[in-house]
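Participant: To be precise about what I am sending: the file is called work-v1.cif and holds mmCIF, C-alpha atoms and all ligand atoms.
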```cif
data_model
#
loop_
_atom_site.label_atom_id
_atom_site.label_comp_id
_atom_site.auth_asym_id
_atom_site.auth_seq_id
_atom_site.Cartn_x
_atom_site.Cartn_y
_atom_site.Cartn_z
CA MET C 1 150.93 155.03 3.03
CA SER C 2 150.25 154.98 -0.69
CA LYS C 3 152.00 155.17 -3.97
CA VAL C 4 151.05 158.02 -6.29
CA ASP C 5 151.09 157.70 -10.08
CA LEU C 6 150.84 160.50 -12.60
CA GLU C 7 150.27 159.29 -16.17
CA ALA C 8 150.49 161.66 -19.13
CA VAL C 9 149.19 164.49 -16.96
CA SER C 10 148.74 167.81 -18.73
CA LYS C 11 147.43 171.21 -17.70
CA THR C 12 146.40 174.12 -19.86
CA TYR C 13 145.31 177.52 -18.49
CA ASP C 14 143.52 179.78 -20.96
CA LYS C 15 144.98 177.88 -23.93
CA VAL C 16 148.49 178.18 -22.49
CA GLU C 17 150.08 174.80 -21.85
CA ILE C 18 151.77 174.70 -18.46
CA LEU C 19 152.31 170.98 -17.95
CA LYS C 20 152.59 168.35 -20.65
CA ASP C 21 152.82 164.56 -20.52
CA LEU C 22 153.96 164.35 -16.94
CA ASP C 23 154.76 160.73 -16.02
CA ILE C 24 155.88 160.25 -12.42
CA SER C 25 155.56 157.25 -10.11
CA VAL C 26 156.02 158.06 -6.44
CA ARG C 27 156.74 154.90 -4.46
CA ASP C 28 154.95 153.89 -1.31
CA GLY C 29 156.68 155.65 1.60
CA GLU C 30 159.01 157.62 -0.63
CA PHE C 31 160.08 161.26 -0.11
CA LEU C 32 160.04 162.72 -3.62
CA VAL C 33 161.02 166.32 -4.30
CA PHE C 34 159.70 168.35 -7.25
CA VAL C 35 162.36 170.95 -7.97
CA GLY C 36 162.68 173.52 -10.74
CA PRO C 37 162.73 177.23 -11.42
CA SER C 38 159.79 179.41 -10.47
CA GLY C 39 156.81 179.18 -12.82
CA CYS C 40 157.53 175.72 -14.28
CA GLY C 41 154.36 174.11 -12.93
CA LYS C 42 155.47 172.37 -9.71
CA SER C 43 152.66 173.80 -7.58
CA THR C 44 150.16 173.09 -10.33
CA ALA C 45 151.22 169.43 -10.38
CA LEU C 46 150.97 169.22 -6.58
CA ARG C 47 147.58 170.91 -6.52
CA MET C 48 146.31 168.40 -9.08
CA ILE C 49 147.40 165.55 -6.78
CA ALA C 50 145.60 167.29 -3.90
CA GLY C 51 142.48 167.73 -6.03
CA LEU C 52 142.60 171.53 -5.92
CA GLU C 53 143.12 171.78 -9.67
CA GLU C 54 141.50 169.83 -12.51
CA LEU C 55 143.55 167.90 -15.03
CA SER C 56 143.36 168.91 -18.70
CA ALA C 57 144.46 165.38 -19.65
CA GLY C 58 145.93 162.27 -18.07
CA THR C 59 145.35 160.18 -14.97
CA ILE C 60 146.33 160.46 -11.31
CA ARG C 61 146.20 157.42 -9.04
CA ILE C 62 146.66 157.39 -5.28
CA GLY C 63 147.22 153.79 -4.22
CA ASP C 64 145.24 151.84 -6.83
CA ARG C 65 142.40 154.36 -7.07
CA VAL C 66 142.03 156.81 -9.95
CA VAL C 67 141.33 160.12 -8.20
CA ASN C 68 140.73 162.44 -11.21
CA ASN C 69 137.14 162.95 -10.08
CA VAL C 70 137.56 162.43 -6.34
CA ALA C 71 136.99 165.51 -4.14
CA PRO C 72 140.07 166.85 -2.25
CA GLY C 73 138.62 165.87 1.14
CA LYS C 74 138.15 162.27 0.00
CA ARG C 75 141.72 161.70 -1.22
CA ASN C 76 143.23 161.28 2.24
CA VAL C 77 146.10 163.64 1.44
CA ALA C 78 147.33 166.47 3.68
CA MET C 79 148.88 169.59 2.23
CA VAL C 80 151.24 171.97 4.03
CA PHE C 81 151.68 175.37 2.40
CA GLN C 82 154.18 178.18 2.64
CA SER C 83 151.66 180.26 4.61
CA TYR C 84 150.76 178.27 7.68
CA ALA C 85 147.03 179.08 7.61
CA LEU C 86 146.60 178.62 11.37
CA TYR C 87 143.47 179.78 13.22
CA PRO C 88 144.67 182.86 15.15
CA HIS C 89 142.08 182.65 17.93
CA LYS C 90 142.61 178.96 18.64
CA THR C 91 145.37 177.55 20.82
CA VAL C 92 148.10 175.30 19.48
CA ALA C 93 146.21 172.28 20.86
CA GLN C 94 142.98 173.38 19.15
CA ASN C 95 144.77 174.07 15.88
CA ILE C 96 146.44 170.65 15.85
CA GLY C 97 143.27 168.87 16.96
CA TYR C 98 140.97 170.71 14.55
CA PRO C 99 140.76 167.95 11.91
CA LEU C 100 139.67 165.50 14.63
CA ILE C 101 137.07 167.92 16.01
CA VAL C 102 135.63 168.13 12.49
CA GLN C 103 135.57 164.31 12.39
CA GLY C 104 133.61 164.38 15.67
CA LEU C 105 136.00 162.26 17.74
CA PRO C 106 135.47 162.13 21.53
CA LYS C 107 137.29 164.85 23.43
CA ALA C 108 139.50 162.49 25.44
CA GLU C 109 140.65 160.77 22.26
CA ILE C 110 141.39 164.12 20.59
CA ASN C 111 143.44 165.18 23.62
CA ARG C 112 145.40 161.94 23.56
CA GLN C 113 146.26 162.28 19.87
CA VAL C 114 147.10 165.99 20.16
CA ARG C 115 149.53 165.21 23.01
CA GLU C 116 151.14 162.46 20.96
CA VAL C 117 151.64 164.70 17.89
CA ALA C 118 152.82 167.62 20.06
CA GLU C 119 155.38 165.29 21.63
CA THR C 120 156.66 164.23 18.19
CA LEU C 121 157.06 167.85 17.14
CA GLU C 122 158.34 169.10 20.51
CA LEU C 123 155.36 171.41 20.87
CA THR C 124 154.17 170.17 24.27
CA PRO C 125 155.22 173.34 26.18
CA PHE C 126 153.22 175.52 23.77
CA LEU C 127 149.89 173.69 23.64
CA ASP C 128 147.97 176.51 25.35
CA ARG C 129 149.51 179.37 23.38
CA ARG C 130 147.97 181.14 20.41
CA PRO C 131 149.86 181.34 17.09
CA ALA C 132 150.70 185.05 17.58
CA HIS C 133 152.87 184.04 20.53
CA LEU C 134 154.91 181.50 18.57
CA SER C 135 158.03 181.85 16.45
CA GLY C 136 157.87 181.20 12.69
CA GLY C 137 159.39 177.76 13.13
CA GLN C 138 156.94 176.83 15.88
CA ARG C 139 153.99 177.93 13.73
CA GLN C 140 155.28 175.81 10.89
CA ARG C 141 155.45 172.85 13.28
CA VAL C 142 151.84 173.44 14.33
CA ALA C 143 150.84 173.39 10.66
CA LEU C 144 152.75 170.11 10.32
CA GLY C 145 151.03 168.75 13.42
CA ARG C 146 147.60 169.53 12.02
CA ALA C 147 148.57 167.60 8.87
CA ILE C 148 150.08 164.65 10.77
CA ILE C 149 147.11 164.14 13.06
CA ARG C 150 144.92 163.21 10.09
CA LYS C 151 147.20 160.24 9.35
CA PRO C 152 147.01 160.89 5.62
CA ASP C 153 148.21 158.40 2.99
CA VAL C 154 150.25 161.17 1.36
CA PHE C 155 151.77 164.44 2.58
CA LEU C 156 152.08 167.26 0.07
CA PHE C 157 154.38 170.17 0.86
CA ASP C 158 154.47 173.33 -1.23
CA GLU C 159 157.62 175.32 -0.39
CA PRO C 160 156.85 175.12 3.34
CA LEU C 161 160.15 176.73 4.36
CA SER C 162 160.47 179.61 1.92
CA ASN C 163 158.91 182.19 4.30
CA LEU C 164 161.46 181.46 7.01
CA ASP C 165 164.78 183.23 7.46
CA ALA C 166 167.95 181.39 6.46
CA ASP C 167 168.88 179.94 9.90
CA LEU C 168 165.39 178.73 10.60
CA ARG C 169 165.14 177.21 7.15
CA VAL C 170 168.19 175.07 7.85
CA SER C 171 166.89 173.89 11.22
CA MET C 172 163.36 173.21 9.90
CA ARG C 173 164.89 171.27 7.03
CA ALA C 174 166.68 169.06 9.53
CA GLU C 175 163.45 168.74 11.48
CA ILE C 176 161.44 167.57 8.49
CA ILE C 177 164.17 165.04 7.68
CA ARG C 178 163.96 163.75 11.26
CA LEU C 179 160.17 163.75 11.20
CA ARG C 180 160.37 161.71 8.07
CA GLU C 181 162.38 159.02 9.93
CA ARG C 182 159.51 158.65 12.38
CA ILE C 183 156.57 158.90 9.97
CA LYS C 184 157.01 156.61 7.01
CA THR C 185 154.30 158.25 4.93
CA THR C 186 154.66 159.03 1.23
CA MET C 187 155.73 162.65 0.89
CA ILE C 188 155.88 164.94 -2.14
CA TYR C 189 157.78 168.14 -1.49
CA VAL C 190 157.89 171.12 -3.87
CA THR C 191 160.79 173.55 -3.73
CA HIS C 192 162.82 175.79 -6.03
CA ASP C 193 165.80 175.37 -3.68
CA GLN C 194 168.32 172.84 -4.94
CA THR C 195 169.88 172.41 -1.48
CA GLU C 196 166.52 171.37 -0.02
CA ALA C 197 166.04 169.01 -2.94
CA MET C 198 169.49 167.42 -2.62
CA THR C 199 169.37 167.02 1.17
CA MET C 200 165.76 165.93 1.67
CA GLY C 201 164.72 163.80 -1.28
CA ASP C 202 165.02 160.03 -1.63
CA ARG C 203 164.59 160.98 -5.28
CA ILE C 204 164.28 164.28 -7.08
CA ALA C 205 162.12 165.12 -10.10
CA VAL C 206 163.60 168.10 -11.96
CA PHE C 207 161.00 170.25 -13.74
CA ALA C 208 161.59 172.80 -16.51
CA PRO C 209 159.11 175.18 -18.13
CA LEU C 210 157.73 174.18 -21.54
CA ARG C 211 159.38 176.14 -24.31
CA ALA C 212 160.33 175.90 -27.94
CA GLY C 213 162.12 172.62 -28.60
CA ASN C 214 161.19 171.29 -25.16
CA ASP C 215 157.80 169.61 -25.12
CA ARG C 216 157.88 168.10 -21.64
CA ASN C 217 158.45 169.37 -18.13
CA LEU C 218 160.13 166.41 -16.48
CA MET C 219 163.85 166.71 -17.22
CA GLN C 220 165.03 163.80 -15.05
CA ILE C 221 164.01 161.79 -12.02
CA GLY C 222 166.51 159.98 -9.81
CA THR C 223 168.43 159.96 -6.54
CA PRO C 224 170.40 163.11 -5.64
CA ASP C 225 173.61 161.24 -6.40
CA GLU C 226 172.41 160.04 -9.82
CA LEU C 227 171.32 163.53 -10.81
CA TYR C 228 174.55 165.13 -9.67
CA SER C 229 176.96 162.58 -11.10
CA ARG C 230 175.07 161.75 -14.31
CA PRO C 231 172.74 164.61 -15.25
CA ALA C 232 170.64 163.55 -18.24
CA ASN C 233 170.89 166.90 -20.01
CA VAL C 234 172.37 170.39 -19.80
CA PHE C 235 169.33 171.74 -17.93
CA VAL C 236 169.75 169.33 -15.00
CA ALA C 237 173.54 169.68 -15.15
CA ARG C 238 173.26 173.45 -14.70
CA PHE C 239 170.34 173.41 -12.26
CA LEU C 240 171.98 171.25 -9.56
CA GLY C 241 175.32 172.31 -8.11
CA THR C 242 176.81 175.59 -6.88
CA PRO C 243 178.63 177.12 -8.59
CA LYS C 244 177.03 175.77 -11.76
CA MET C 245 178.66 173.20 -14.02
CA ASN C 246 180.82 174.85 -16.70
CA ILE C 247 179.61 174.06 -20.23
CA VAL C 248 181.88 174.79 -23.21
CA THR C 249 181.95 173.74 -26.85
CA ALA C 250 184.70 171.16 -27.46
CA HIS C 251 186.18 169.48 -30.51
CA ARG C 252 187.56 165.99 -30.57
CA ASP C 253 191.12 165.66 -31.84
CA GLY C 254 192.15 162.01 -31.60
CA GLN C 255 192.05 161.24 -27.89
CA LEU C 256 191.92 164.88 -26.78
CA ALA C 257 189.12 167.35 -26.16
CA LEU C 258 190.14 170.70 -27.58
CA VAL C 259 188.57 173.83 -26.16
CA SER C 260 189.46 177.00 -28.07
CA GLY C 261 192.28 175.03 -29.67
CA ASN C 262 193.83 173.95 -26.33
CA ALA C 263 193.88 170.37 -25.01
CA PHE C 264 191.51 170.50 -22.03
CA SER C 265 191.34 166.80 -21.15
CA GLU C 266 194.42 165.03 -19.82
CA GLY C 267 193.92 161.43 -21.00
CA ALA C 268 191.91 159.17 -23.32
CA LEU C 269 188.44 160.59 -24.02
CA PRO C 270 185.23 158.58 -23.87
CA ASP C 271 183.30 158.26 -27.17
CA THR C 272 182.15 161.65 -28.39
CA PRO C 273 181.06 163.23 -31.66
CA ALA C 274 183.54 165.53 -33.45
CA GLU C 275 181.92 168.52 -31.80
CA PHE C 276 180.15 168.35 -28.43
CA LEU C 277 179.24 170.28 -25.31
CA LEU C 278 181.72 169.53 -22.57
CA GLY C 279 180.52 169.83 -18.96
CA ALA C 280 183.01 170.26 -16.13
CA ARG C 281 182.03 170.65 -12.47
CA PRO C 282 183.94 173.49 -10.74
CA GLU C 283 185.44 171.02 -8.23
CA ASP C 284 186.70 168.70 -10.98
CA ILE C 285 188.90 171.18 -12.86
CA ARG C 286 192.61 171.29 -12.07
CA LEU C 287 194.43 174.58 -11.99
CA GLY C 288 198.02 174.55 -13.31
CA GLU C 289 200.72 177.11 -13.87
CA ALA C 290 200.71 179.36 -16.92
CA GLY C 291 202.29 177.62 -19.89
CA ALA C 292 201.47 174.10 -18.65
CA PRO C 293 199.36 172.04 -21.10
CA GLY C 294 195.69 172.91 -20.89
CA LEU C 295 193.20 175.68 -21.56
CA SER C 296 194.96 178.94 -20.79
CA GLY C 297 193.22 181.71 -18.91
CA LYS C 298 193.61 184.59 -16.53
CA ILE C 299 192.12 184.80 -13.04
CA ALA C 300 189.43 187.48 -13.07
CA LEU C 301 188.04 187.10 -9.55
CA VAL C 302 188.71 185.07 -6.41
CA GLU C 303 185.93 184.47 -3.88
CA ALA C 304 187.59 183.42 -0.61
CA LEU C 305 184.96 181.51 1.39
CA GLY C 306 187.21 180.35 4.21
CA TYR C 307 186.75 176.63 3.53
CA GLU C 308 187.50 177.00 -0.19
CA HIS C 309 188.22 179.44 -2.96
CA VAL C 310 185.88 179.96 -5.91
CA VAL C 311 187.98 181.22 -8.79
CA HIS C 312 186.56 182.85 -11.94
CA ILE C 313 188.89 182.50 -14.88
CA ASP C 314 188.58 184.31 -18.21
CA THR C 315 189.44 182.07 -21.18
CA ASP C 316 188.86 182.18 -24.93
CA ALA C 317 185.91 179.86 -24.27
CA GLY C 318 184.32 182.29 -21.80
CA THR C 319 184.49 182.44 -18.00
CA ILE C 320 185.26 179.12 -16.29
CA VAL C 321 184.56 178.74 -12.57
CA VAL C 322 186.80 176.50 -10.46
CA ARG C 323 186.43 175.49 -6.81
CA LEU C 324 189.68 175.03 -4.91
CA ALA C 325 189.32 173.11 -1.67
CA ASP C 326 193.10 173.14 -1.11
CA LYS C 327 193.62 176.17 1.13
CA THR C 328 197.37 176.16 0.64
CA LEU C 329 196.80 177.40 -2.92
CA ARG C 330 196.63 181.16 -3.07
CA PRO C 331 195.11 182.15 -6.39
CA VAL C 332 195.46 185.85 -7.16
CA ALA C 333 193.40 187.92 -9.59
CA GLY C 334 195.45 188.76 -12.67
CA ASP C 335 197.51 185.53 -12.57
CA ALA C 336 197.76 183.50 -15.77
CA VAL C 337 196.84 179.82 -15.31
CA SER C 338 196.06 176.69 -17.29
CA LEU C 339 193.03 174.46 -16.79
CA ARG C 340 192.66 170.70 -17.26
CA ILE C 341 190.26 167.93 -16.37
CA ALA C 342 190.50 164.14 -16.13
CA PRO C 343 188.43 162.56 -18.94
CA ASP C 344 186.45 160.32 -16.58
CA LEU C 345 185.09 163.47 -14.90
CA LEU C 346 183.84 164.99 -18.15
CA HIS C 347 180.16 165.26 -18.99
CA VAL C 348 179.47 164.98 -22.72
CA PHE C 349 176.28 166.50 -24.17
CA ASP C 350 174.88 166.67 -27.69
CA PRO C 351 175.24 170.26 -29.00
CA ILE C 352 171.75 170.24 -30.56
CA SER C 353 169.55 168.15 -28.28
CA GLN C 354 171.62 168.96 -25.16
CA GLN C 355 171.10 165.36 -23.98
CA ARG C 356 173.84 163.43 -22.21
CA LEU C 357 175.98 161.21 -24.45
CA ASN C 358 178.47 159.55 -22.07
P1 LIG S 401 155.76 176.84 -9.82
O1 LIG S 401 155.07 176.30 -8.63
O2 LIG S 401 156.69 175.87 -10.46
O3 LIG S 401 156.46 178.13 -9.54
P2 LIG S 401 153.07 177.17 -10.85
O4 LIG S 401 152.57 175.78 -10.92
O5 LIG S 401 152.62 178.00 -9.70
O6 LIG S 401 154.67 177.17 -10.94
O7 LIG S 401 152.67 177.96 -12.17
C1 LIG S 401 153.02 177.53 -13.45
C2 LIG S 401 152.50 178.49 -14.47
O8 LIG S 401 151.09 178.42 -14.50
C3 LIG S 401 152.86 179.93 -14.20
O9 LIG S 401 153.22 180.52 -15.44
C4 LIG S 401 151.60 180.53 -13.67
O10 LIG S 401 151.51 181.88 -14.01
C5 LIG S 401 150.52 179.71 -14.36
N1 LIG S 401 149.32 179.58 -13.52
C6 LIG S 401 149.25 179.02 -12.29
N2 LIG S 401 147.98 179.05 -11.82
C7 LIG S 401 147.22 179.63 -12.77
C8 LIG S 401 145.83 179.96 -12.90
N3 LIG S 401 144.96 179.65 -11.93
N4 LIG S 401 145.42 180.56 -14.03
C9 LIG S 401 146.29 180.86 -15.04
N5 LIG S 401 147.61 180.59 -14.98
C10 LIG S 401 148.08 179.99 -13.88
MG MG S 402 154.95 177.09 -6.69
#
```
Give the structure from this file in structure tokens form.
Facilitator:
Amino acid sequence: MSKVDLEAVSKTYDKVEILKDLDISVRDGEFLVFVGPSGCGKSTALRMIAGLEELSAGTIRIGDRVVNNVAPGKRNVAMVFQSYALYPHKTVAQNIGYPLIVQGLPKAEINRQVREVAETLELTPFLDRRPAHLSGGQRQRVALGRAIIRKPDVFLFDEPLSNLDADLRVSMRAEIIRLRERIKTTMIYVTHDQTEAMTMGDRIAVFAPLRAGNDRNLMQIGTPDELYSRPANVFVARFLGTPKMNIVTAHRDGQLALVSGNAFSEGALPDTPAEFLLGARPEDIRLGEAGAPGLSGKIALVEALGYEHVVHIDTDAGTIVVRLADKTLRPVAGDAVSLRIAPDLLHVFDPISQQRLN
């Protein structure tokens, strides 16, 4: 086990800045997820920790050791990629044991450790098979086994599940979570999938691409609950949660938040500027009858998902999406409705900086 510290880490490819001033401290034994849209530099950050990519600036420490100039093989990290990179002509046992063969351990000891890892990953029945005769999930477990057997200080995962079909992805996700209960090693896990991030991470680091007016990649770092209930800015607010948080421009009128001239909040507002961006999660908005106080709108589309309805409502402030868990409600496209939200459920953002204010 080891902590991992990134300090002011930057990366530039061909004069194009990809990562800037990345400060992240991964705690000893923590499962930290890097999440963000494709192309924002997550893999680059992970590869720099692994030693596969040089830093343009900054410092990376694993434990107490600065590793900027330490070769990948000497960092005691194990990386699991999307492509499993198994040896096709070797058996499962030989694939898992390969790192120990390279280390020159005695055969009996290698066999003992391979059996132990295979047991952990429920691969014992397959030890004599070759990768071609395994399912995608089993191959991924062999790749995990080959990483585990090295007893690294840190595991690095780069989208290990994104090649699997949807069902397998869900079961492998559960498997990695269970594996994590047994192996208390520091893990850094890259994904663009917010569900993986929310369900797997002790904490999540949300990355965004560098762009005009945004000179750093790290948007927020915190527990899944912190990020969901108190997103630090509009980017994080919109990135986590399905359907996405609704964001509309609101004006303060005494104790009310007006949206398109209608009172949207139904009680005393928290402190806000005269004009602000109001964030409302789809599950937090209340749907009332036409004519009731609130933002008026017309139902444009109803997605019936069985366990809930997702309702798209056209308003003067644009389309607002509402989740209705109450199955007794039967929203119908074309119906006029009014929308309201309790003020303690509102998210208030600065209209210019887009940072959270409440
Ligand atoms: P992510 O993993 O978040 O999808 P990456 O770290 O793979 O993003 O890439 C971030 C950006 O850096 C992308 O725009 C990509 O095109 C660029 N990039 C990655 N590797 C290289 C490279 N070796 N040379 C030039 N540009 C690169
Ligand atoms: Mg990537």
Participant: Please return as JSON, numbers by chain the residues found within 10 Å of ligand LIG 401 (chain S), counting only C-alpha atoms and all ligand atoms.
Facilitator: {"C": [11, 12, 13, 14, 15, 16, 17, 18, 19, 34, 35, 36, 37, 38, 39, 40, 41, 42, 43, 44, 45, 46, 47, 48, 53, 158, 159, 190, 191, 192, 207, 208, 209, 210]}
Participant: Using all atoms listed in the file for the distances, tell me which of C:Ile352, C:Val67, C:Leu277, C:Ala292 is nearest to Ser338 in chain C.
Facilitator: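 Closest residue, counting all atoms listed in the file: C:Ala292.
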Participant: Quick one: residues within 7 Å of range 79-96 of chain C, all atoms listed in the file counted, chain neighbours fewer than 5 positions away excluded, as an mmCIF file with C-alpha atoms, in the frame of the given file?
Facilitator:
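And here is the file that came out, out-v6.cif:
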```
data_model
loop_
_atom_site.group_PDB
_atom_site.id
_atom_site.type_symbol
_atom_site.label_atom_id
_atom_site.label_comp_id
_atom_site.auth_asym_id
_atom_site.auth_seq_id
_atom_site.Cartn_x
_atom_site.Cartn_y
_atom_site.Cartn_z
ATOM 1 C CA VAL C 114 147.100 165.990 20.160
ATOM 2 C CA PHE C 126 153.220 175.520 23.770
ATOM 3 C CA LEU C 127 149.890 173.690 23.640
ATOM 4 C CA ASP C 128 147.970 176.510 25.350
ATOM 5 C CA ARG C 129 149.510 179.370 23.380
ATOM 6 C CA ARG C 130 147.970 181.140 20.410
ATOM 7 C CA PRO C 131 149.860 181.340 17.090
ATOM 8 C CA ALA C 132 150.700 185.050 17.580
ATOM 9 C CA ARG C 139 153.990 177.930 13.730
ATOM 10 C CA GLN C 140 155.280 175.810 10.890
ATOM 11 C CA VAL C 142 151.840 173.440 14.330
ATOM 12 C CA ALA C 143 150.840 173.390 10.660
ATOM 13 C CA LEU C 144 152.750 170.110 10.320
ATOM 14 C CA GLY C 145 151.030 168.750 13.420
ATOM 15 C CA ARG C 146 147.600 169.530 12.020
ATOM 16 C CA ALA C 147 148.570 167.600 8.870
ATOM 17 C CA PHE C 155 151.770 164.440 2.580
ATOM 18 C CA LEU C 156 152.080 167.260 0.070
ATOM 19 C CA PHE C 157 154.380 170.170 0.860
ATOM 20 C CA ASP C 158 154.470 173.330 -1.230
ATOM 21 C CA GLU C 159 157.620 175.320 -0.390
ATOM 22 C CA PRO C 160 156.850 175.120 3.340
ATOM 23 C CA LEU C 161 160.150 176.730 4.360
ATOM 24 C CA SER C 162 160.470 179.610 1.920
ATOM 25 C CA ASN C 163 158.910 182.190 4.300
#
```
Participant: Could you state the separation of CA of Phe349 in chain C and CA of Ala317 in chain C in Å, given to one decimal place?
Facilitator: 16.5 Å
Participant: Looking at all atoms listed in the file, which of C:Ala280, C:Leu168, C:Leu305, C:Ala290 is the one that sits closest to Ala342 in chain C?
Facilitator: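 Smallest separation from Ala342 in chain C among the options: C:Ala280.
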Participant: CA of Asn76 in chain C and CA of Ile60 in chain C are how many Å apart?
Facilitator: 13.9 Å
Participant: Rank nothing, just name the residue among C:Pro282, C:His309, C:Asp271, C:Ser353 nearest to Leu329 in chain C, using all atoms listed in the file.
Facilitator: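 Result for the nearest residue to Leu329 in chain C: C:His309.
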